[in-house]
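**Student:** Structure below; questions to follow.
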Amino acid sequence: SNEPEESNQPAAQAGNNAGTNDQPGRQITMGFSAPAADHGWIAAITKNAQDQAKRYRDVTFRPVEPTNDINQQISAVESLISAKVNVMVLLPNDGEQLNQVARKASDAGIPVVNLDRIFPDKLSYRTWIGGDNYGMGVASGHYVGRRLRQKGVSNPVIVEIQGIATLPLTQERSKGFEDALRTYGFRVTAKQDAQFTVETGNEVATNLLQAHRKIDALWNHDDDQGVGVLAAIKQAGRNEFFMVGGAGSANAMREIKAGNSVLEATVTYSPTMAGSAVRIARLIAQGKGMGDLVEQQVPQSITLASETITRQNVDRYMPLGFES
């Protein structure tokens, strides 16, 4: 029967299933589709999803070929619909362009867990889970603001290296950064975008360092491009400022732990969200709710907090880092 296992419990106990959710439930097949792993963060998304799925004997994990081609991803999702999977986890290359096929899955009775890049139509997905881009900017802005206050800097030169400037997610990161800095009476002196690549990160950082003889703080939105940013800083022999990264890569964490470069912190946009998406998809397919909530069903949307990693807590986060 497809009845959720928890359905015969009295409602008052709904919040007590935290311990039982991991117990094997009914067998389910879970489809999974994500873009091609041409970037450390995306590679980690797929790995996190696979690692979680392996933990459950009751989950048959069906990933389709990762691709950056919109039409190929649409066909791949259509193949999962034809295979009648019980649930699917989708990180679309583009939420707008994959909206229709996600809707087709939902209409076919297959709940879709929408990972990170959101579908515009709420009828296309059962639950969205992702990071908080605005919150990343806020976390970084507070770190920068507090450190500059501690140092007693009154008119700081704050430089920002963005990802791709035209993306809404980049604009949200910048807005959060600006809003948090404003609470300290600070503002961004200069910002430039670096396209999420190591090469461009290197170029942009080189230009900004030449343009500003003295910098107090630098926020780089993305730890993958941060490899190039740090190389440019070392090349220029500059160390009069501190830097905050973004996303939480393993190499950024190693750099923070070593404490011998300008990188002092990074704010997370963690690919562990894919592991959480798999766990949530399993609960939805088995008709279960989330253990720590009172409700009988999984929430409709879950925004993860952006956490600040510093030398003080880096050891706790190390296992969650992804390789750039």
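All residue names refer to the structure tokens as shown: chains lettered A, B, ... in order, residues numbered from 1 in each chain, ligands numbered from 1 in order.
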Using only C-alpha atoms, find each residue in stretch 71-164 of chain A having at least one atom no more than 8 Å away from stretch 260-279 of chain A; report its shortest atom-to-atom pair and that distance in Å (one decimal), rows by chain then rising number, as CSV.
**Tutor:**
```
residue,atom,partner,partner_atom,distance
A:Val89,CA,A:Ala277,CA,6.8
A:Val113,CA,A:Ala277,CA,6.6
A:Leu115,CA,A:Ala277,CA,6.9
A:Ile129,CA,A:Ala277,CA,6.6
A:Gly130,CA,A:Met273,CA,6.3
A:Gly131,CA,A:Tyr269,CA,5.5
A:Asp132,CA,A:Tyr269,CA,7.2
A:Asn133,CA,A:Tyr269,CA,7.6
A:Met136,CA,A:Val267,CA,6.0
A:Ala139,CA,A:Val267,CA,6.5
A:Ser140,CA,A:Val267,CA,6.3
```
**Student:** I need the residues from that last selection saved to file as a compact mmCIF listing (two decimals), in the first residue's frame (with N, CA and C atoms), if you can.
**Tutor:**
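In the end it all went to selection_0.txt:
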```txt
# COMPACT_ATOMS: atom_id res chain seq x y z
N VAL A 89 14.77 14.82 -8.07
CA VAL A 89 15.51 16.00 -7.58
C VAL A 89 16.11 16.66 -8.81
N VAL A 113 11.59 17.79 -6.31
CA VAL A 113 12.31 18.63 -5.35
C VAL A 113 13.24 19.50 -6.19
N LEU A 115 16.04 21.99 -6.74
CA LEU A 115 17.28 22.32 -6.04
C LEU A 115 17.88 23.61 -6.58
N ILE A 129 14.51 23.71 -2.32
CA ILE A 129 15.54 23.86 -1.29
C ILE A 129 16.77 24.48 -1.93
N GLY A 130 17.33 25.48 -1.27
CA GLY A 130 18.51 26.12 -1.84
C GLY A 130 19.18 27.05 -0.87
N GLY A 131 20.20 27.71 -1.37
CA GLY A 131 20.96 28.62 -0.53
C GLY A 131 20.35 30.00 -0.50
N ASP A 132 20.94 30.86 0.32
CA ASP A 132 20.44 32.21 0.50
C ASP A 132 21.50 33.18 -0.03
N ASN A 133 21.31 33.62 -1.28
CA ASN A 133 22.30 34.51 -1.89
C ASN A 133 22.36 35.86 -1.18
N MET A 136 24.17 35.41 2.01
CA MET A 136 25.62 35.31 1.85
C MET A 136 26.24 36.70 1.94
N ALA A 139 26.05 37.95 5.53
CA ALA A 139 27.05 37.31 6.39
C ALA A 139 28.44 37.93 6.15
N SER A 140 28.76 38.12 4.88
CA SER A 140 30.06 38.70 4.55
C SER A 140 30.14 40.16 5.01
```
**Student:** Can you tell me, as a PyMOL selection string, which residues in stretch 56-235 of chain A count as strand (DSSP E or B) by DSSP?
**Tutor:** chain A and resi 59-63+87-90+112-115+127-130+158-162+190-193+217-220
**Student:** Can I get the selection written as a tab-separated table (two decimals), in the first residue's frame, with N, CA, C and O atoms?
**Tutor:**
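Saved the output as part-v2.tsv:
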```tsv
chain	number	residue	atom	x	y	z
A	59	VAL	N	16.20	3.32	-1.21
A	59	VAL	CA	16.24	4.26	-2.34
A	59	VAL	C	17.03	3.67	-3.51
A	59	VAL	O	18.18	3.26	-3.35
A	60	THR	N	16.40	3.61	-4.68
A	60	THR	CA	17.11	3.30	-5.91
A	60	THR	C	17.35	4.63	-6.59
A	60	THR	O	16.40	5.35	-6.94
A	61	PHE	N	18.62	4.99	-6.73
A	61	PHE	CA	18.99	6.32	-7.24
A	61	PHE	C	19.21	6.22	-8.75
A	61	PHE	O	19.98	5.39	-9.22
A	62	ARG	N	18.49	7.07	-9.51
A	62	ARG	CA	18.62	7.05	-10.98
A	62	ARG	C	19.08	8.40	-11.50
A	62	ARG	O	18.26	9.22	-11.91
A	63	PRO	N	20.39	8.64	-11.48
A	63	PRO	CA	20.87	9.90	-12.05
A	63	PRO	C	20.86	9.81	-13.57
A	63	PRO	O	21.11	8.74	-14.13
A	87	VAL	N	9.89	10.00	-7.42
A	87	VAL	CA	10.16	11.38	-7.02
A	87	VAL	C	11.40	11.81	-7.80
A	87	VAL	O	12.18	10.95	-8.23
A	88	MET	N	11.60	13.11	-8.03
A	88	MET	CA	12.86	13.51	-8.64
A	88	MET	C	13.45	14.77	-8.02
A	88	MET	O	12.72	15.62	-7.50
A	89	VAL	N	14.77	14.82	-8.07
A	89	VAL	CA	15.51	16.00	-7.58
A	89	VAL	C	16.11	16.66	-8.81
A	89	VAL	O	16.85	16.01	-9.56
A	90	LEU	N	15.76	17.92	-9.03
A	90	LEU	CA	16.22	18.62	-10.22
A	90	LEU	C	16.95	19.91	-9.90
A	90	LEU	O	16.40	20.79	-9.25
A	112	VAL	N	8.47	16.85	-7.51
A	112	VAL	CA	9.79	17.36	-7.89
A	112	VAL	C	10.37	18.15	-6.72
A	112	VAL	O	9.71	19.05	-6.20
A	113	VAL	N	11.59	17.79	-6.31
A	113	VAL	CA	12.31	18.63	-5.35
A	113	VAL	C	13.24	19.50	-6.19
A	113	VAL	O	14.14	19.01	-6.86
A	114	ASN	N	12.93	20.79	-6.18
A	114	ASN	CA	13.66	21.77	-7.00
A	114	ASN	C	14.87	22.26	-6.20
A	114	ASN	O	14.72	22.84	-5.14
A	115	LEU	N	16.04	21.99	-6.74
A	115	LEU	CA	17.28	22.32	-6.04
A	115	LEU	C	17.88	23.61	-6.58
A	115	LEU	O	18.16	23.72	-7.78
A	127	THR	N	8.68	20.92	-3.51
A	127	THR	CA	9.48	21.62	-2.50
A	127	THR	C	10.71	22.21	-3.17
A	127	THR	O	11.32	21.56	-4.03
A	128	TRP	N	11.04	23.43	-2.79
A	128	TRP	CA	12.29	24.04	-3.25
A	128	TRP	C	13.25	24.06	-2.07
A	128	TRP	O	12.87	24.36	-0.93
A	129	ILE	N	14.51	23.71	-2.32
A	129	ILE	CA	15.54	23.86	-1.29
A	129	ILE	C	16.77	24.48	-1.93
A	129	ILE	O	17.18	24.09	-3.02
A	130	GLY	N	17.33	25.48	-1.27
A	130	GLY	CA	18.51	26.12	-1.84
A	130	GLY	C	19.18	27.05	-0.87
A	130	GLY	O	18.78	27.16	0.30
A	158	ILE	N	36.70	49.30	0.52
A	158	ILE	CA	36.14	47.94	0.46
A	158	ILE	C	35.92	47.57	-1.00
A	158	ILE	O	35.23	48.27	-1.74
A	159	VAL	N	36.55	46.47	-1.42
A	159	VAL	CA	36.48	46.04	-2.81
A	159	VAL	C	35.69	44.74	-2.90
A	159	VAL	O	35.82	43.87	-2.04
A	160	GLU	N	34.88	44.63	-3.95
A	160	GLU	CA	34.02	43.45	-4.11
A	160	GLU	C	34.26	42.83	-5.48
A	160	GLU	O	34.22	43.52	-6.50
A	161	ILE	N	34.53	41.53	-5.51
A	161	ILE	CA	34.67	40.80	-6.78
A	161	ILE	C	33.47	39.87	-6.91
A	161	ILE	O	33.33	38.91	-6.14
A	162	GLN	N	32.59	40.18	-7.87
A	162	GLN	CA	31.36	39.42	-8.04
A	162	GLN	C	31.58	38.19	-8.92
A	162	GLN	O	32.64	38.01	-9.50
A	190	ALA	N	34.61	49.83	-4.72
A	190	ALA	CA	34.66	49.40	-6.12
A	190	ALA	C	34.24	47.96	-6.24
A	190	ALA	O	34.53	47.14	-5.36
A	191	LYS	N	33.52	47.63	-7.33
A	191	LYS	CA	33.21	46.22	-7.57
A	191	LYS	C	33.31	45.90	-9.04
A	191	LYS	O	33.09	46.75	-9.90
A	192	GLN	N	33.69	44.66	-9.30
A	192	GLN	CA	33.85	44.19	-10.67
A	192	GLN	C	33.48	42.72	-10.70
A	192	GLN	O	33.65	42.02	-9.70
A	193	ASP	N	32.99	42.22	-11.85
A	193	ASP	CA	32.60	40.80	-11.86
A	193	ASP	C	33.65	39.95	-12.56
A	193	ASP	O	34.36	40.40	-13.45
A	217	ALA	N	39.48	45.86	2.89
A	217	ALA	CA	38.78	44.58	2.90
A	217	ALA	C	38.34	44.23	1.49
A	217	ALA	O	38.02	45.10	0.69
A	218	LEU	N	38.34	42.92	1.20
A	218	LEU	CA	37.91	42.45	-0.11
A	218	LEU	C	36.95	41.29	0.07
A	218	LEU	O	37.23	40.36	0.83
A	219	TRP	N	35.79	41.36	-0.59
A	219	TRP	CA	34.89	40.19	-0.61
A	219	TRP	C	34.85	39.64	-2.03
A	219	TRP	O	34.54	40.36	-2.97
A	220	ASN	N	35.20	38.36	-2.16
A	220	ASN	CA	35.12	37.65	-3.43
A	220	ASN	C	33.96	36.66	-3.32
A	220	ASN	O	33.95	35.80	-2.44
```
**Student:** Write out as an NGL selection string each polymer residue whose atoms come within 9 Å of stretch 21-37 of chain A, counting only C-alpha atoms; drop sequence neighbours fewer than 4 positions from it.
**Tutor:** :A and (2 or 4-5 or 17 or 41-46 or 49 or 53 or 56-69 or 73 or 76-77 or 80-81 or 84-93 or 115 or 278 or 281-283 or 285-286 or 288-291)
**Student:** Work out how far atom CA of A:Ile256 is from atom CA of A:Thr310, in Å to one decimal.
**Tutor:**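 One can read the atom CA of A:Thr310 to atom CA of A:Ile256 distance as 6.6 Å.
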**Student:** Could you go through stretch 44-292 of chain A and tell me which residues DSSP, when run on the backbone, assigns to alpha helix (DSSP H), listing them as a VMD selection string?
**Tutor:** chain A and resid 44 to 54 70 to 82 95 to 107 133 to 150 168 to 182 198 to 211 223 to 236 250 to 258 273 to 285
